[in-house]
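Structure below is protein_8.csv: CSV, C-alpha atoms.
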chain,number,residue,atom,x,y,z
A,1302,MET,CA,-5.2,4.7,56.4
A,1303,LEU,CA,-6.8,1.4,57.4
A,1304,LEU,CA,-4.5,-1.6,57.6
A,1305,GLY,CA,-6.9,-4.2,58.9
A,1306,ILE,CA,-10.5,-4.8,60.1
A,1307,HIS,CA,-11.6,-7.6,62.5
A,1308,ILE,CA,-15.3,-8.3,62.7
A,1309,GLN,CA,-16.9,-10.4,65.4
A,1310,ASN,CA,-20.6,-11.2,65.7
A,1311,PHE,CA,-22.1,-9.0,63.1
A,1312,GLY,CA,-24.6,-10.7,60.9
A,1313,LEU,CA,-22.9,-13.7,59.2
A,1314,PHE,CA,-19.5,-12.5,60.2
A,1315,LYS,CA,-18.7,-14.6,63.2
A,1316,ASP,CA,-15.0,-14.0,63.6
A,1317,ASP,CA,-13.5,-12.6,60.3
A,1318,CYS,CA,-10.5,-10.4,59.5
A,1319,ILE,CA,-9.5,-8.5,56.4
A,1320,GLY,CA,-6.0,-7.0,56.3
A,1321,ALA,CA,-3.5,-6.9,59.2
A,1322,LEU,CA,-3.9,-5.9,62.8
A,1323,LEU,CA,-1.3,-4.6,65.3
A,1324,PRO,CA,0.1,-8.0,66.4
A,1325,ASP,CA,0.7,-8.8,62.7
A,1326,ILE,CA,2.4,-5.4,62.1
A,1327,ARG,CA,4.7,-5.9,65.1
A,1328,LYS,CA,5.9,-9.4,63.9
A,1329,ASP,CA,9.4,-9.7,62.8
A,1330,PRO,CA,9.5,-9.9,58.9
A,1331,GLY,CA,11.4,-13.1,59.2
A,1332,GLN,CA,8.5,-14.7,60.9
A,1333,SER,CA,6.2,-13.9,58.0
A,1334,SER,CA,8.8,-15.3,55.5
A,1335,LEU,CA,9.0,-18.5,57.5
A,1336,ALA,CA,5.2,-18.8,57.6
A,1337,LEU,CA,5.0,-18.2,53.8
A,1338,SER,CA,7.7,-20.8,53.0
A,1339,ALA,CA,5.8,-23.3,55.2
A,1340,GLY,CA,2.6,-22.7,53.1
A,1341,LEU,CA,0.8,-20.9,55.9
A,1342,GLU,CA,-1.4,-17.8,55.3
A,1343,ILE,CA,0.1,-14.5,56.3
A,1344,ALA,CA,-1.6,-11.2,57.0
A,1345,HIS,CA,-1.7,-8.7,54.1
A,1346,PRO,CA,-2.1,-5.1,55.2
A,1347,LEU,CA,-4.8,-3.2,53.2
A,1348,ASN,CA,-3.6,-1.0,50.3
A,1349,GLY,CA,-4.7,2.2,48.6
A,1350,ILE,CA,-7.1,0.2,46.4
A,1351,GLU,CA,-8.9,-3.0,47.4
A,1352,ALA,CA,-11.4,-4.9,45.3
A,1353,LEU,CA,-13.9,-7.2,47.1
A,1354,ILE,CA,-15.1,-10.0,44.9
A,1355,GLY,CA,-17.2,-13.1,45.3
A,1356,ARG,CA,-20.5,-14.7,44.4
A,1357,ASN,CA,-23.8,-13.0,45.2
A,1358,HIS,CA,-24.8,-13.1,48.9
A,1359,SER,CA,-21.2,-13.9,50.0
A,1360,GLY,CA,-20.9,-11.0,52.4
A,1361,LYS,CA,-19.5,-8.1,50.4
A,1362,THR,CA,-22.5,-5.7,50.9
A,1363,MET,CA,-22.7,-6.8,54.6
A,1364,PHE,CA,-19.1,-5.8,55.0
A,1365,PHE,CA,-19.8,-2.3,53.8
A,1366,SER,CA,-22.9,-2.3,56.1
A,1367,PHE,CA,-20.7,-3.2,59.0
A,1368,LEU,CA,-18.3,-0.3,58.3
A,1369,SER,CA,-21.3,2.0,57.9
A,1370,PHE,CA,-22.7,0.9,61.2
A,1371,VAL,CA,-19.4,1.4,63.0
A,1372,GLN,CA,-19.1,4.9,61.6
A,1373,GLY,CA,-22.7,5.7,62.7
A,1374,ALA,CA,-22.2,4.2,66.2
A,1375,VAL,CA,-19.1,6.2,66.8
A,1376,VAL,CA,-20.5,9.5,65.5
A,1377,LYS,CA,-24.2,9.3,66.4
A,1378,GLY,CA,-24.4,6.4,68.9
A,1379,PRO,CA,-25.2,2.7,68.4
A,1380,ALA,CA,-29.0,3.1,68.9
A,1381,ALA,CA,-29.3,5.6,66.1
A,1382,ALA,CA,-26.9,3.6,63.9
A,1383,SER,CA,-29.0,0.4,64.4
A,1384,THR,CA,-32.0,1.9,62.8
A,1385,GLU,CA,-30.7,4.1,60.0
A,1386,SER,CA,-30.0,3.0,56.4
A,1387,GLY,CA,-32.8,0.4,56.6
A,1388,ARG,CA,-31.4,-1.4,59.6
A,1389,SER,CA,-34.1,-3.0,61.9
A,1390,GLY,CA,-32.5,-2.7,65.3
A,1391,PHE,CA,-29.3,-3.8,67.1
A,1392,ALA,CA,-30.5,-7.3,68.0
A,1393,ASN,CA,-31.2,-8.1,64.3
A,1394,LEU,CA,-27.6,-7.1,63.4
A,1395,LEU,CA,-26.0,-9.8,65.6
A,1396,GLY,CA,-25.3,-13.3,64.7
A,1397,ASP,CA,-25.6,-14.4,68.3
A,1398,ARG,CA,-27.9,-12.2,70.3
A,1399,ASP,CA,-26.4,-13.3,73.6
A,1400,GLU,CA,-22.9,-12.0,72.6
A,1401,PRO,CA,-21.7,-8.4,72.0
A,1402,MET,CA,-20.5,-7.1,68.6
A,1403,ILE,CA,-16.8,-6.5,68.6
A,1404,CYS,CA,-14.9,-4.4,66.0
A,1405,THR,CA,-11.1,-3.9,65.8
A,1406,LEU,CA,-9.6,-1.3,63.3
A,1407,CYS,CA,-5.9,-0.9,62.7
A,1408,PHE,CA,-4.7,2.4,61.3
A,1409,LYS,CA,-1.4,3.8,60.0
A,1410,PHE,CA,-0.7,7.5,60.2
A,1411,TYR,CA,2.4,9.0,58.6
A,1412,ASP,CA,3.7,12.5,59.5
A,1413,PRO,CA,5.7,13.8,56.6
A,1414,GLN,CA,7.2,16.6,58.6
A,1415,GLU,CA,8.4,14.4,61.4
A,1416,LYS,CA,9.0,11.5,59.0
A,1417,ASP,CA,7.3,9.3,61.6
A,1418,THR,CA,4.9,6.4,61.3
A,1419,THR,CA,2.4,5.7,64.0
A,1420,TYR,CA,0.1,2.7,64.3
A,1421,LEU,CA,-3.2,2.9,66.1
A,1422,GLU,CA,-5.6,0.1,66.9
A,1423,TYR,CA,-9.2,1.0,67.9
A,1424,ARG,CA,-11.3,-1.7,69.6
A,1425,LEU,CA,-14.9,-1.2,70.4
A,1426,VAL,CA,-17.4,-3.6,72.0
A,1427,ILE,CA,-21.1,-2.9,71.7
A,1428,ASP,CA,-23.5,-4.8,73.8
A,1429,ALA,CA,-27.2,-4.6,74.6
A,1430,ASN,CA,-28.9,-4.1,78.0
A,1431,VAL,CA,-31.8,-6.2,79.3
A,1432,HIS,CA,-34.2,-4.1,77.2
A,1433,GLY,CA,-32.2,-4.6,74.0
A,1434,LYS,CA,-30.8,-1.1,73.8
A,1435,PRO,CA,-27.2,-1.0,72.6
A,1436,HIS,CA,-24.4,0.7,74.5
A,1437,PHE,CA,-20.6,0.9,74.4
A,1438,GLU,CA,-19.4,-1.8,76.7
A,1439,GLU,CA,-15.7,-1.1,76.0
A,1440,GLU,CA,-13.5,1.2,73.9
A,1441,LYS,CA,-9.8,1.1,73.6
A,1442,LEU,CA,-7.3,3.1,71.4
A,1443,THR,CA,-3.8,1.7,71.4
A,1444,LEU,CA,-0.7,3.3,70.0
A,1445,TRP,CA,2.6,1.7,68.8
A,1446,ARG,CA,5.7,2.9,66.9
A,1447,GLU,CA,8.7,1.0,65.8
A,1448,GLY,CA,11.2,1.0,68.7
A,1449,MET,CA,8.5,0.7,71.4
A,1450,ASP,CA,8.7,-2.4,73.5
A,1451,GLU,CA,5.0,-2.7,74.0
A,1452,PRO,CA,1.9,-0.8,72.6
A,1453,LYS,CA,0.5,1.9,74.9
A,1454,ASP,CA,-3.2,2.6,75.6
A,1455,ILE,CA,-4.0,6.2,75.0
A,1456,LEU,CA,-7.8,5.9,75.5
A,1457,SER,CA,-9.5,3.2,77.5
A,1458,PHE,CA,-13.1,3.2,78.7
A,1459,LYS,CA,-15.4,0.5,80.0
A,1460,GLN,CA,-19.1,1.1,80.7
A,1461,GLY,CA,-18.5,4.8,80.3
A,1462,LYS,CA,-15.6,5.2,82.7
A,1463,GLY,CA,-11.9,5.2,82.0
A,1464,PHE,CA,-9.0,7.5,81.0
A,1465,VAL,CA,-7.5,9.3,78.0
A,1466,LEU,CA,-3.8,10.2,77.7
A,1467,PHE,CA,-3.0,13.9,77.6
A,1468,LYS,CA,0.6,15.2,77.4
A,1469,GLY,CA,1.8,11.8,78.6
A,1470,GLU,CA,-0.4,11.8,81.7
A,1471,LYS,CA,-3.6,9.8,82.3
A,1472,MET,CA,-6.7,11.9,82.5
A,1473,ASP,CA,-9.6,10.2,84.2
A,1474,GLY,CA,-13.0,10.6,82.5
A,1475,GLU,CA,-16.6,9.5,82.7
A,1476,MET,CA,-19.2,9.7,80.0
A,1477,ASN,CA,-22.7,11.0,80.8
A,1478,ASP,CA,-24.0,7.7,79.5
A,1479,SER,CA,-22.5,4.6,77.9
A,1480,MET,CA,-24.4,5.3,74.6
A,1481,THR,CA,-22.0,8.0,73.7
A,1482,SER,CA,-18.6,7.1,72.2
A,1483,ALA,CA,-15.5,8.1,74.2
A,1484,LEU,CA,-13.7,8.3,70.9
A,1485,HIS,CA,-16.3,10.8,69.7
A,1486,ALA,CA,-16.1,12.9,72.9
A,1487,TYR,CA,-12.3,13.2,73.1
A,1488,GLY,CA,-11.7,12.8,69.3
A,1489,SER,CA,-13.7,16.0,68.7
A,1490,MET,CA,-10.9,18.0,70.5
A,1491,LYS,CA,-7.7,18.8,68.7
A,1492,GLN,CA,-5.5,18.7,71.8
A,1493,PHE,CA,-5.9,14.9,71.9
A,1494,TYR,CA,-3.9,14.5,68.7
A,1495,PHE,CA,-4.1,10.8,67.8
A,1496,THR,CA,-7.6,10.4,69.3
A,1497,ASN,CA,-8.7,13.3,67.1
A,1498,ARG,CA,-6.9,11.8,64.0
A,1499,THR,CA,-8.6,8.5,64.5
A,1500,TYR,CA,-12.0,10.0,65.1
A,1501,ARG,CA,-11.7,12.2,62.0
A,1502,GLU,CA,-10.6,9.3,59.9
A,1503,ILE,CA,-13.8,7.3,60.8
A,1504,LEU,CA,-16.0,10.4,60.5
A,1505,ARG,CA,-14.9,11.1,56.9
A,1506,TRP,CA,-15.5,7.6,55.5
A,1507,TYR,CA,-17.6,8.2,52.3
A,1508,PHE,CA,-20.2,5.6,51.2
A,1509,VAL,CA,-21.1,6.1,47.6
A,1510,GLY,CA,-24.8,6.1,47.0
A,1511,PHE,CA,-24.9,7.0,43.3
A,1512,ARG,CA,-27.5,5.4,41.1
A,1513,LYS,CA,-27.5,4.8,37.3
A,1514,ASP,CA,-30.5,7.1,37.0
A,1515,GLN,CA,-29.7,10.2,38.9
A,1516,THR,CA,-32.6,12.2,37.6
A,1517,TYR,CA,-35.1,11.3,40.4
A,1518,GLN,CA,-32.5,12.1,43.1
A,1519,ILE,CA,-31.9,15.7,42.1
A,1520,PRO,CA,-34.6,18.0,43.6
A,1521,GLU,CA,-35.9,20.7,41.2
A,1522,ASP,CA,-35.7,23.2,44.1
A,1523,MET,CA,-32.1,22.3,45.1
A,1524,THR,CA,-30.8,25.3,47.1
A,1525,PRO,CA,-28.5,27.4,45.0
A,1526,GLY,CA,-25.0,28.2,46.1
A,1527,GLY,CA,-21.7,26.4,46.5
A,1528,HIS,CA,-21.1,23.1,48.4
A,1529,LYS,CA,-17.6,22.1,49.3
A,1530,HIS,CA,-18.2,18.4,48.9
A,1531,LEU,CA,-20.3,16.0,46.9
A,1532,ASN,CA,-23.0,14.3,49.0
A,1533,ASN,CA,-23.5,10.6,49.1
A,1534,GLU,CA,-26.2,10.6,46.5
A,1535,GLY,CA,-24.4,13.0,44.1
A,1536,SER,CA,-27.4,15.2,43.9
A,1537,ASN,CA,-25.5,18.4,44.7
A,1538,ALA,CA,-22.9,18.0,41.9
A,1539,LYS,CA,-23.8,21.4,40.3
A,1540,ASN,CA,-23.4,23.1,43.7
A,1541,VAL,CA,-19.9,21.6,44.1
A,1542,LEU,CA,-18.9,22.9,40.7
A,1543,ALA,CA,-20.3,26.3,41.6
A,1544,TYR,CA,-18.1,26.3,44.8
A,1545,LEU,CA,-15.0,25.2,42.9
A,1546,ARG,CA,-15.5,27.8,40.2
A,1547,GLN,CA,-15.6,30.6,42.8
A,1548,GLU,CA,-13.2,29.3,45.5
A,1549,LYS,CA,-10.7,27.2,43.5
A,1550,PRO,CA,-10.7,28.3,39.9
A,1551,GLY,CA,-7.5,26.3,39.1
A,1552,GLU,CA,-9.0,23.0,40.3
A,1553,TYR,CA,-12.3,23.9,38.6
A,1554,LYS,CA,-10.6,24.3,35.2
A,1555,ALA,CA,-8.6,21.1,35.6
A,1556,ILE,CA,-11.8,19.2,36.5
A,1557,LEU,CA,-13.7,20.5,33.5
A,1558,SER,CA,-10.8,19.5,31.3
A,1559,LYS,CA,-10.8,16.0,32.7
A,1560,LEU,CA,-14.5,15.6,32.3
A,1561,MET,CA,-14.4,16.8,28.7
A,1562,ASP,CA,-11.6,14.4,27.9
A,1563,ALA,CA,-13.1,11.4,29.6
A,1564,ILE,CA,-16.8,11.5,28.7
A,1565,PRO,CA,-17.5,10.9,25.0
A,1566,GLY,CA,-20.5,13.2,24.9
A,1567,LEU,CA,-18.4,16.1,26.2
A,1568,ARG,CA,-15.4,15.8,24.0
A,1569,ASP,CA,-14.7,19.0,22.0
A,1570,LYS,CA,-17.4,20.8,24.0
A,1571,ASP,CA,-17.3,23.8,26.3
A,1572,GLU,CA,-17.9,24.7,29.9
A,1573,LYS,CA,-21.6,25.4,29.3
A,1574,SER,CA,-22.0,21.8,28.0
A,1575,VAL,CA,-20.4,20.3,31.0
A,1576,LEU,CA,-22.6,22.3,33.4
A,1577,LYS,CA,-25.7,21.2,31.4
A,1578,HIS,CA,-24.5,17.6,31.6
A,1579,PHE,CA,-24.6,17.8,35.4
A,1580,GLN,CA,-28.3,18.6,35.3
A,1581,LYS,CA,-28.7,14.8,34.8
A,1582,PRO,CA,-25.2,13.5,35.5
A,1583,ASP,CA,-24.1,10.0,34.6
A,1584,MET,CA,-22.2,7.7,37.0
A,1585,LEU,CA,-18.8,8.3,35.4
A,1586,ALA,CA,-19.2,12.1,35.7
A,1587,LEU,CA,-20.0,11.8,39.4
A,1588,PHE,CA,-17.1,9.4,40.1
A,1589,LEU,CA,-14.7,11.7,38.3
A,1590,LEU,CA,-16.0,14.7,40.3
A,1591,LEU,CA,-15.7,12.8,43.6
A,1592,LEU,CA,-12.2,11.6,42.8
A,1593,SER,CA,-11.2,15.2,41.9
A,1594,ASP,CA,-12.1,16.7,45.3
A,1595,PRO,CA,-9.2,18.9,46.5
A,1596,ASP,CA,-9.9,17.7,50.1
A,1597,PRO,CA,-10.0,13.9,49.6
A,1598,LYS,CA,-11.8,11.4,51.7
A,1599,PRO,CA,-9.6,9.0,53.7
A,1600,LEU,CA,-11.8,6.0,52.6
A,1601,ILE,CA,-14.3,5.8,49.7
A,1602,LEU,CA,-16.5,2.7,49.6
A,1603,MET,CA,-18.2,1.9,46.2
A,1604,GLU,CA,-20.6,-0.9,45.4
A,1605,SER,CA,-20.2,-2.1,41.8
A,1606,PRO,CA,-18.9,1.3,40.4
A,1607,ASP,CA,-18.4,-0.4,37.1
A,1608,GLU,CA,-22.0,-1.4,36.6
A,1609,GLY,CA,-23.4,-0.2,33.3
A,1610,LEU,CA,-20.2,1.4,32.1
A,1611,TYR,CA,-18.9,0.7,28.6
A,1612,HIS,CA,-15.5,-0.8,28.4
A,1613,ASP,CA,-13.6,2.4,27.5
A,1614,MET,CA,-15.4,4.2,30.4
A,1615,LEU,CA,-14.4,1.3,32.7
A,1616,ASP,CA,-10.7,1.9,31.8
A,1617,ILE,CA,-11.1,5.6,32.6
A,1618,LEU,CA,-12.6,4.8,36.0
A,1619,ALA,CA,-10.0,2.2,36.8
A,1620,SER,CA,-7.2,4.7,35.9
A,1621,GLU,CA,-8.8,7.5,38.0
A,1622,MET,CA,-9.1,5.2,41.0
A,1623,ARG,CA,-5.4,4.3,40.7
A,1624,ASN,CA,-4.4,7.9,40.3
A,1625,TYR,CA,-6.4,8.9,43.3
A,1626,SER,CA,-4.6,6.4,45.5
A,1627,MET,CA,-1.2,7.5,44.2
A,1628,ARG,CA,-1.9,11.3,44.6
A,1629,TYR,CA,-3.1,10.8,48.2
A,1630,PRO,CA,-1.0,7.9,49.7
A,1631,GLY,CA,-3.0,8.0,53.0
A,1632,CYS,CA,-6.4,7.6,51.2
A,1633,GLN,CA,-8.1,4.4,50.1
A,1634,ILE,CA,-10.8,3.0,47.8
A,1635,PHE,CA,-12.7,-0.2,48.6
A,1636,PHE,CA,-15.0,-1.4,45.8
A,1637,THR,CA,-17.0,-4.5,45.0
A,1638,THR,CA,-17.2,-5.9,41.5
A,1639,HIS,CA,-18.4,-8.8,39.3
A,1640,ASN,CA,-16.4,-7.6,36.3
A,1641,PRO,CA,-13.0,-9.3,35.8
A,1642,TYR,CA,-11.7,-6.5,33.5
A,1643,ILE,CA,-11.5,-3.9,36.2
A,1644,LEU,CA,-9.0,-6.2,38.1
A,1645,GLU,CA,-6.5,-6.2,35.3
A,1646,ASN,CA,-4.5,-3.3,36.8
A,1647,LEU,CA,-4.6,-4.8,40.4
A,1648,SER,CA,-2.1,-7.1,42.2
A,1649,PRO,CA,-3.1,-10.1,44.2
A,1650,SER,CA,-2.6,-8.2,47.5
A,1651,GLU,CA,-5.3,-5.7,46.4
A,1652,ILE,CA,-8.0,-8.3,46.0
A,1653,TRP,CA,-10.1,-10.0,48.7
A,1654,VAL,CA,-12.2,-13.0,47.9
A,1655,PHE,CA,-15.5,-13.5,49.8
A,1656,SER,CA,-17.1,-17.0,49.9
A,1657,ARG,CA,-19.8,-19.0,51.7
A,1658,GLY,CA,-20.5,-22.6,52.1
A,1659,GLU,CA,-22.6,-24.1,49.3
A,1660,LYS,CA,-25.0,-25.9,51.7
A,1661,THR,CA,-27.9,-23.9,53.1
A,1662,TRP,CA,-27.0,-24.7,56.7
A,1663,ASP,CA,-23.4,-23.5,56.3
A,1664,ASP,CA,-23.5,-19.8,56.7
A,1665,GLN,CA,-19.8,-19.4,57.5
A,1666,ILE,CA,-18.2,-16.6,55.5
A,1667,GLU,CA,-14.6,-16.9,54.5
A,1668,ILE,CA,-12.4,-14.0,53.4
A,1669,ARG,CA,-9.1,-14.6,51.8
A,1670,CYS,CA,-6.6,-12.3,50.2
A,1671,ALA,CA,-5.9,-13.4,46.6
A,1672,GLY,CA,-2.2,-13.0,47.5
A,1673,SER,CA,-2.6,-15.9,49.9
A,1674,ILE,CA,-3.6,-18.3,47.1
A,1675,PRO,CA,-0.4,-19.9,45.8
A,1676,ILE,CA,-1.6,-20.5,42.2
A,1677,VAL,CA,-2.9,-17.0,41.9
A,1678,GLN,CA,0.4,-15.5,43.0
A,1679,GLU,CA,2.4,-17.8,40.7
A,1680,LEU,CA,0.3,-17.0,37.7
A,1681,TYR,CA,0.6,-13.3,38.4
A,1682,ASP,CA,4.3,-13.5,38.8
A,1683,GLN,CA,4.4,-15.1,35.3
A,1684,GLY,CA,2.6,-12.1,33.9
A,1685,VAL,CA,-1.1,-13.2,33.8
A,1686,GLY,CA,-3.6,-10.5,34.7
A,1687,MET,CA,-5.8,-10.8,37.7
A,1688,GLY,CA,-9.0,-10.5,35.6
A,1689,ALA,CA,-7.9,-13.5,33.5
A,1690,ILE,CA,-6.9,-15.5,36.6
A,1691,TRP,CA,-10.4,-14.8,38.1
A,1692,TYR,CA,-12.1,-15.7,34.9
A,1693,ALA,CA,-10.3,-19.0,34.8
A,1694,GLY,CA,-11.8,-19.9,38.2
A,1695,HIS,CA,-8.6,-19.8,40.3
A,1696,PHE,CA,-10.3,-17.7,43.1
A,1697,ASP,CA,-13.0,-20.3,43.7
A,1698,ASN,CA,-12.7,-23.0,46.3

What's the structure tokens form of this structure?
Amino acid sequence: MLLGIHIQNFGLFKDDCIGALLPDIRKDPGQSSLALSAGLEIAHPLNGIEALIGRNHSGKTMFFSFLSFVQGAVVKGPAAASTESGRSGFANLLGDRDEPMICTLCFKFYDPQEKDTTYLEYRLVIDANVHGKPHFEEEKLTLWREGMDEPKDILSFKQGKGFVLFKGEKMDGEMNDSMTSALHAYGSMKQFYFTNRTYREILRWYFVGFRKDQTYQIPEDMTPGGHKHLNNEGSNAKNVLAYLRQEKPGEYKAILSKLMDAIPGLRDKDEKSVLKHFQKPDMLALFLLLLSDPDPKPLILMESPDEGLYHDMLDILASEMRNYSMRYPGCQIFFTTHNPYILENLSPSEIWVFSRGEKTWDDQIEIRCAGSIPIVQELYDQGVGMGAIWYAGHFDN
């Protein structure tokens, strides 16, 4: 799971961090306690659920766009990622066109059989050549476990040349071109265990693209047959149900039961009614189907999943999101919201506040964990809900 994300030179993100990076993880807990008692901000590792809040145009959507770009760059290459999803080229993604874009991701992997926790930090630097075409300037994957004196590089490439660690030995390598990710090349092979785990983690990030009106997204000539997973638009929901009915009948019945209990229009109905409902599925039905996937995604990113939901449906969604993070401890949900009610079941460390300067010339984005705001933590400790604290204006500068 992701513990921290550091963004440099992407859009309005000049040098911003959310969560905790490897140097923060390696700190002695006493150091954090001293910093906290001195009134200094400390790093808060990301949790199973994280809410991103803030005024319009404060950087929340851009944050999701950044993660989408990173995924696309690693899997397809930075040139392709720079022009998909409405992006207008690499140069237009940068805050400073004379500097590279730098991303640092800190992951934690737990092996229940070995009862061992491994921390991995992936750093990638993407720059442009004289013609403006992006390439991987540098990639580095660093491993650390408790008890190690220093972190160890297990993959390190610069301008397409470098090494990867295999069975404890350095294996030199050279990419055909610097527009292909070394993490993609070696992470596609199972024998490079932690490189493979990191690559698959990024590969399987899921960006929700559901819309309130799903009708226009579902082709009338949708190919029949089973699909293992819901696509980003949710247009293949009936295919997913068909797959589950045939391949995983136990999970299929449990999902039907959940849908019939949760959606008012399906209560006291039968299987046929549920399948008919998915001809024009609503948002809640799609979210419930997504969160019921027997093979869960490591990271689900949702923009305003509560939009348009009645209050009782909002409670159901919030409960299902929490249950998902508890069922799958290594999986996460990031979501944006403008609704204080969905925050009532969250803690200060699960909320990140995005803000920008009020003056038009001040484009600096600030990201703070609500747990770093003393009055917020104090009110929460006294039993005040996070939604009420937000509504009272305590998250604002």

Residues at most 10 Å from Lys1598 (chain A), counting all atoms listed in the file, excluding those fewer than 3 positions away in the same chain, as an mmCIF file with C-alpha atoms, in the coordinates of the input?
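Saved the output as result-v1.cif:
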data_model
loop_
_atom_site.group_PDB
_atom_site.id
_atom_site.type_symbol
_atom_site.label_atom_id
_atom_site.label_comp_id
_atom_site.auth_asym_id
_atom_site.auth_seq_id
_atom_site.Cartn_x
_atom_site.Cartn_y
_atom_site.Cartn_z
ATOM 1 C CA GLU A 1502 -10.600 9.300 59.900
ATOM 2 C CA LEU A 1504 -16.000 10.400 60.500
ATOM 3 C CA ARG A 1505 -14.900 11.100 56.900
ATOM 4 C CA TRP A 1506 -15.500 7.600 55.500
ATOM 5 C CA TYR A 1507 -17.600 8.200 52.300
ATOM 6 C CA HIS A 1530 -18.200 18.400 48.900
ATOM 7 C CA LEU A 1591 -15.700 12.800 43.600
ATOM 8 C CA LEU A 1592 -12.200 11.600 42.800
ATOM 9 C CA ASP A 1594 -12.100 16.700 45.300
ATOM 10 C CA PRO A 1595 -9.200 18.900 46.500
ATOM 11 C CA ILE A 1601 -14.300 5.800 49.700
ATOM 12 C CA TYR A 1629 -3.100 10.800 48.200
ATOM 13 C CA GLY A 1631 -3.000 8.000 53.000
ATOM 14 C CA CYS A 1632 -6.400 7.600 51.200
ATOM 15 C CA GLN A 1633 -8.100 4.400 50.100
ATOM 16 C CA ILE A 1634 -10.800 3.000 47.800
#

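Coordinates place CA of Asp1412 (chain A) at a distance of 29.7 Å from CA of Thr1481 (chain A).
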
_At a cut-off of 12 Å, using all atoms listed in the file, what residues contact Asn1430 (chain A)? Leave out same-chain residues fewer than 6 positions from it and give the result as a list of chain:residue names._
A:Ala1380, A:Phe1391, A:Ala1392, A:Arg1398, A:Asp1399, A:Glu1400, A:Pro1401, A:His1436, A:Phe1437, A:Glu1438, A:Gln1460, A:Ser1479, A:Met1480

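Residues lying within 10 Å of Gly1535 (chain A), counting only C-alpha atoms and ignoring same-chain neighbours fewer than 5 positions away, are Val1509, Gly1510, Phe1511, Arg1512, Gln1515, Gln1518, Ile1519, His1530, Val1541, Phe1579, Pro1582, Asp1583, Met1584, Ala1586, Leu1587, Phe1588, Leu1590 and Leu1591 of chain A.
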
*Write out as a list in words the residues lying within 12 Å of Tyr1494 (chain A), counting all atoms listed in the file and excluding same-chain residues fewer than 4 positions away.*
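Within the cut-off, the hits are Phe1410, Thr1419, Leu1421, Leu1444, Ile1455, Leu1456, Val1465, Leu1466, Phe1467, Lys1468, Gly1469, Leu1484, Tyr1487, Gly1488, Ser1489, Met1490, Arg1498, Thr1499, Tyr1500 and Arg1501 of chain A.
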
*asked:* Nearest residue to Asp1316 (chain A) out of A:Asp1596, A:Ala1352, A:Lys1539, A:Ile1666, using all atoms listed in the file?
replied: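 Smallest distance to Asp1316 (chain A) is found for A:Ile1666.
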
Which residues of region 1616-1692 of chain A come within 9 Å of region 1357-1366 of chain A, and what is each one's closest atom pair and distance in Å (one decimal), counting only C-alpha atoms, sorted by chain and residue number, as JSON lines?
{"residue": "A:Thr1637", "atom": "CA", "partner": "A:Lys1361", "partner_atom": "CA", "distance": 7.0}
{"residue": "A:Phe1655", "atom": "CA", "partner": "A:Ser1359", "partner_atom": "CA", "distance": 5.7}
{"residue": "A:Ser1656", "atom": "CA", "partner": "A:Ser1359", "partner_atom": "CA", "distance": 5.1}
{"residue": "A:Arg1657", "atom": "CA", "partner": "A:Ser1359", "partner_atom": "CA", "distance": 5.6}
{"residue": "A:Gly1658", "atom": "CA", "partner": "A:Ser1359", "partner_atom": "CA", "distance": 9.0}
{"residue": "A:Ile1666", "atom": "CA", "partner": "A:Ser1359", "partner_atom": "CA", "distance": 6.8}
{"residue": "A:Glu1667", "atom": "CA", "partner": "A:Ser1359", "partner_atom": "CA", "distance": 8.5}

_For a test of reading the model, state the distance in Å between CA of Phe1311 (chain A) and CA of Phe1508 (chain A), rounded to one decimal._
18.9 Å

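The spacing separating CA of Phe1493 (chain A) from CA of Arg1446 (chain A) amounts to 17.4 Å.
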
*List the neighbours of Gly1349 (chain A) out to 10 Å using only C-alpha atoms; skip same-chain residues closer than 6 positions along the sequence, and give me the result as a list in words.*
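Returned residues: Met1302, Leu1303, Leu1304, Pro1599, Leu1600, Met1622, Arg1623, Tyr1625, Ser1626, Met1627, Tyr1629, Pro1630, Gly1631, Cys1632, Gln1633, Ile1634, Phe1635 and Glu1651 of chain A.
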
*From A:Glu1447, A:Leu1425, A:His1528, A:Lys1434, residue lying nearest Lys1328 (chain A) [all atoms listed in the file]*: A:Glu1447

*asked:* From the options A:Ile1319, A:Leu1313, A:Ile1308, A:Ile1652, which residue's atoms come nearest to Cys1404 (chain A), counting all atoms listed in the file?
replied: A:Ile1308

*Taking (-18.2, -1.1, 38.8) in the file's coordinates, which residues come within 9 Å, counting all atoms listed in the file, written as a PyMOL selection string?*
chain A and resi 1603-1610+1615+1618+1636-1640+1643

*From the list A:Ser1650, A:Thr1405, A:Ser1558, A:Asn1624, which residue is nearest Gly1672 (chain A) when using only C-alpha atoms?*
A:Ser1650

Some atoms are missing, so please complete region 1640-1644 of chain A with N, CA and C atoms and return it as a tab-separated table (two decimals), in the coordinates of the input.
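In the end it all went to result.tsv:
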chain	number	residue	atom	x	y	z
A	1640	ASN	N	-16.95	-7.78	37.68
A	1640	ASN	CA	-16.40	-7.60	36.30
A	1640	ASN	C	-14.87	-7.90	36.39
A	1641	PRO	N	-14.40	-8.94	35.69
A	1641	PRO	CA	-13.00	-9.30	35.80
A	1641	PRO	C	-12.07	-8.24	35.10
A	1642	TYR	N	-12.61	-7.44	34.18
A	1642	TYR	CA	-11.70	-6.50	33.50
A	1642	TYR	C	-11.18	-5.41	34.33
A	1643	ILE	N	-11.94	-5.00	35.35
A	1643	ILE	CA	-11.50	-3.90	36.20
A	1643	ILE	C	-10.34	-4.36	37.13
A	1644	LEU	N	-10.12	-5.68	37.21
A	1644	LEU	CA	-9.00	-6.20	38.10
A	1644	LEU	C	-7.70	-6.25	37.35
